[in-house]
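Here the structure comes first, spelled out in structure tokens, and everything after it is commentary.
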Amino acid sequence: MSITTVHIDRLEGISELLFESVKADANGRYRTAYYYRGMANDEYSLTTSLSRNFKPEKSEKKNKEKQKISESLEMHILENFTKYASIEDPTISESIWKAMIVGQHHGLPTRLLDWTHSPLVALHFAEDCEDICELEEEDAVVWRIDVRALNKKLPAKYRKKLKDNSTHMFSVKTLTEVAETIQEYDRDMGSKSFVTVEPPSIDERIVNQYAFFSLVPAGIKDLAQYLDDLKDVETKKYIIDKKIRWALREYLDQFNMSERTIYPGLDGIAKWLARHYYVR
């Protein structure tokens, strides 16, 4: 099945994205294991902030060399973050995964990739441009992955941990119980699988964004290619046509899905008002 691309050029087409995930579980409840990632340009790739933490070169060979260097610096980045962040959170050194999640939340380059359980939140991020003029210039994208199907690719001890806890995502605690170090995790995953982690609710932003992270192992160099190669797991790539993006942005405001709710606090209010009073 691999990656299915869906082009949405009418507002009515958004309903497929919003409601395709309605599936009854064993108890007759409408629950799903779909996660979404929205990006303001459909040409943006599924790359982590750690992978982006170097200047790209025209040469593919040089890019691979720089990528390798960036990965080798990962532990130094995390160790120093843990050292300096301890004054804010004395428990941060208890788990490398907690340090990574907290660091990602505050802008540290990590191997984590942000997702949300809410398609509306993903649509907000697809509409969230640094330059609002880009709403009329570029198509946006929302990626959808099926975590329950992806979990079937995990090594046995990871699948057992999920089953024992009746869940389809890991917490910091349960992930630490199966892999205490990054090196152990990379050995276990190779290039065949990755886990999804639910971050601790350290602030309202994580809660409001219904946030989750995929923990990309060193063996998966290109996540989109990995997903496309999985013939028994369907991933969807929703392309949001630029001609409907302004109207969609206005409807999201009516749904109370704006910077004001996504980023609780004065920063979110200021960002929301700046866009609300933007003159086209």
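Here, A, B, ... name the chains of the structure tokens in the order displayed, residue numbers run from 1 inside each chain, and ligands are numbered from 1 in the same displayed order.
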
Exercise. Name the residues in contact with Leu11 (chain A) at a cut-off of 9 Å, using only C-alpha atoms, excluding same-chain residues fewer than 6 positions from it; report them as a list in words.
Key: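 So, after excluding close chain neighbours, the residues are Ile244, Arg245, Ala247 and Leu248 of chain A.
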
Quiz item: Do you know which residues are at most 7 Å from Ala211 (chain A) counting only C-alpha atoms, after dropping those on the same chain fewer than 4 positions away, and could you put them as a ChimeraX atom specification?
Solution: /A:114-117,206-207

Dump as an mmCIF file, in the first residue's frame, selection limited to N, CA and C atoms:
```
data_model
loop_
_atom_site.group_PDB
_atom_site.id
_atom_site.type_symbol
_atom_site.label_atom_id
_atom_site.label_comp_id
_atom_site.auth_asym_id
_atom_site.auth_seq_id
_atom_site.Cartn_x
_atom_site.Cartn_y
_atom_site.Cartn_z
ATOM 1 N N ASP A 114 7.750 15.439 15.382
ATOM 2 C CA ASP A 114 6.475 15.761 16.015
ATOM 3 C C ASP A 114 5.288 15.237 15.212
ATOM 4 N N TRP A 115 4.296 14.674 15.934
ATOM 5 C CA TRP A 115 3.017 14.276 15.354
ATOM 6 C C TRP A 115 1.911 14.684 16.310
ATOM 7 N N THR A 116 0.692 14.632 15.862
ATOM 8 C CA THR A 116 -0.457 14.892 16.708
ATOM 9 C C THR A 116 -1.531 13.858 16.435
ATOM 10 N N HIS A 117 -2.334 13.601 17.468
ATOM 11 C CA HIS A 117 -3.451 12.671 17.303
ATOM 12 C C HIS A 117 -4.649 13.375 16.679
ATOM 13 N N ILE A 206 1.946 21.052 25.108
ATOM 14 C CA ILE A 206 1.957 19.633 24.729
ATOM 15 C C ILE A 206 0.555 19.047 24.816
ATOM 16 N N VAL A 207 -0.183 19.407 25.867
ATOM 17 C CA VAL A 207 -1.543 18.893 26.050
ATOM 18 C C VAL A 207 -2.451 19.393 24.927
#
```

Quiz prompt | Picked from region 35-172 of chain A by DSSP as strand (DSSP E), as a VMD selection string | solution = chain A and resid 35 to 39 112 to 116 140 to 146

Quiz item: Residues at most 10 Å from Val102 (chain A), counting only C-alpha atoms, excluding those fewer than 2 positions away in the same chain, as a VMD selection string?
Solution: chain A and resid 81 to 82 85 89 92 97 to 100 104 to 108 199 to 200 202

Self-check item: Nearest to Arg31 (chain A), chosen from A:Tyr263, A:His168, A:Thr91, A:Arg249, with only C-alpha atoms counted in the distances
Solution: A:His168

Quiz item: Hey, what's within 10 Å of Leu17 (chain A) if we count only C-alpha atoms and toss same-chain stuff fewer than 6 positions away? As a PyMOL selection string, please?
Solution: chain A and resi 6+8+36+119-120+123+142-144+236-238

Please provide as an mmCIF file with N, CA, C and O atoms, in the first residue's frame all residues within 10 Å of Ala149 (chain A), with the sequence filter that same-chain residues fewer than 3 positions apart are discarded (counting only C-alpha atoms).
```cif
data_model
loop_
_atom_site.group_PDB
_atom_site.id
_atom_site.type_symbol
_atom_site.label_atom_id
_atom_site.label_comp_id
_atom_site.auth_asym_id
_atom_site.auth_seq_id
_atom_site.Cartn_x
_atom_site.Cartn_y
_atom_site.Cartn_z
ATOM 1 N N ALA A 33 -5.602 4.739 15.723
ATOM 2 C CA ALA A 33 -4.170 4.887 15.979
ATOM 3 C C ALA A 33 -3.518 5.717 14.877
ATOM 4 O O ALA A 33 -2.330 5.588 14.607
ATOM 5 N N TYR A 34 -4.280 6.558 14.212
ATOM 6 C CA TYR A 34 -3.716 7.450 13.193
ATOM 7 C C TYR A 34 -3.097 8.677 13.858
ATOM 8 O O TYR A 34 -3.696 9.277 14.755
ATOM 9 N N ILE A 145 0.006 8.689 9.453
ATOM 10 C CA ILE A 145 0.576 7.354 9.627
ATOM 11 C C ILE A 145 -0.339 6.510 10.507
ATOM 12 O O ILE A 145 -1.101 7.037 11.312
ATOM 13 N N ASP A 146 -0.251 5.208 10.331
ATOM 14 C CA ASP A 146 -1.050 4.256 11.106
ATOM 15 C C ASP A 146 -0.110 3.586 12.113
ATOM 16 O O ASP A 146 0.610 2.647 11.782
ATOM 17 N N LYS A 152 3.528 -3.343 14.338
ATOM 18 C CA LYS A 152 3.718 -4.756 14.008
ATOM 19 C C LYS A 152 5.127 -5.028 13.481
ATOM 20 O O LYS A 152 5.559 -6.185 13.431
ATOM 21 N N LYS A 153 5.832 -3.976 13.079
ATOM 22 C CA LYS A 153 7.205 -4.113 12.579
ATOM 23 C C LYS A 153 8.229 -4.122 13.713
ATOM 24 O O LYS A 153 9.407 -4.380 13.478
ATOM 25 N N LEU A 154 7.791 -3.803 14.933
ATOM 26 C CA LEU A 154 8.713 -3.679 16.057
ATOM 27 C C LEU A 154 9.269 -5.037 16.493
ATOM 28 O O LEU A 154 8.609 -6.072 16.325
ATOM 29 N N HIS A 168 -0.777 1.530 22.229
ATOM 30 C CA HIS A 168 -0.033 1.466 20.978
ATOM 31 C C HIS A 168 1.058 2.527 20.914
ATOM 32 O O HIS A 168 1.618 2.769 19.862
ATOM 33 N N ASP A 232 2.649 -3.257 3.075
ATOM 34 C CA ASP A 232 1.494 -3.735 3.841
ATOM 35 C C ASP A 232 0.990 -2.700 4.845
ATOM 36 O O ASP A 232 0.132 -3.004 5.677
ATOM 37 N N VAL A 233 1.531 -1.486 4.793
ATOM 38 C CA VAL A 233 1.091 -0.402 5.683
ATOM 39 C C VAL A 233 0.813 0.825 4.824
ATOM 40 O O VAL A 233 1.679 1.274 4.079
ATOM 41 N N GLU A 234 -0.399 1.382 4.936
ATOM 42 C CA GLU A 234 -0.736 2.557 4.147
ATOM 43 C C GLU A 234 -0.451 3.841 4.920
ATOM 44 O O GLU A 234 -0.896 4.016 6.050
#
```
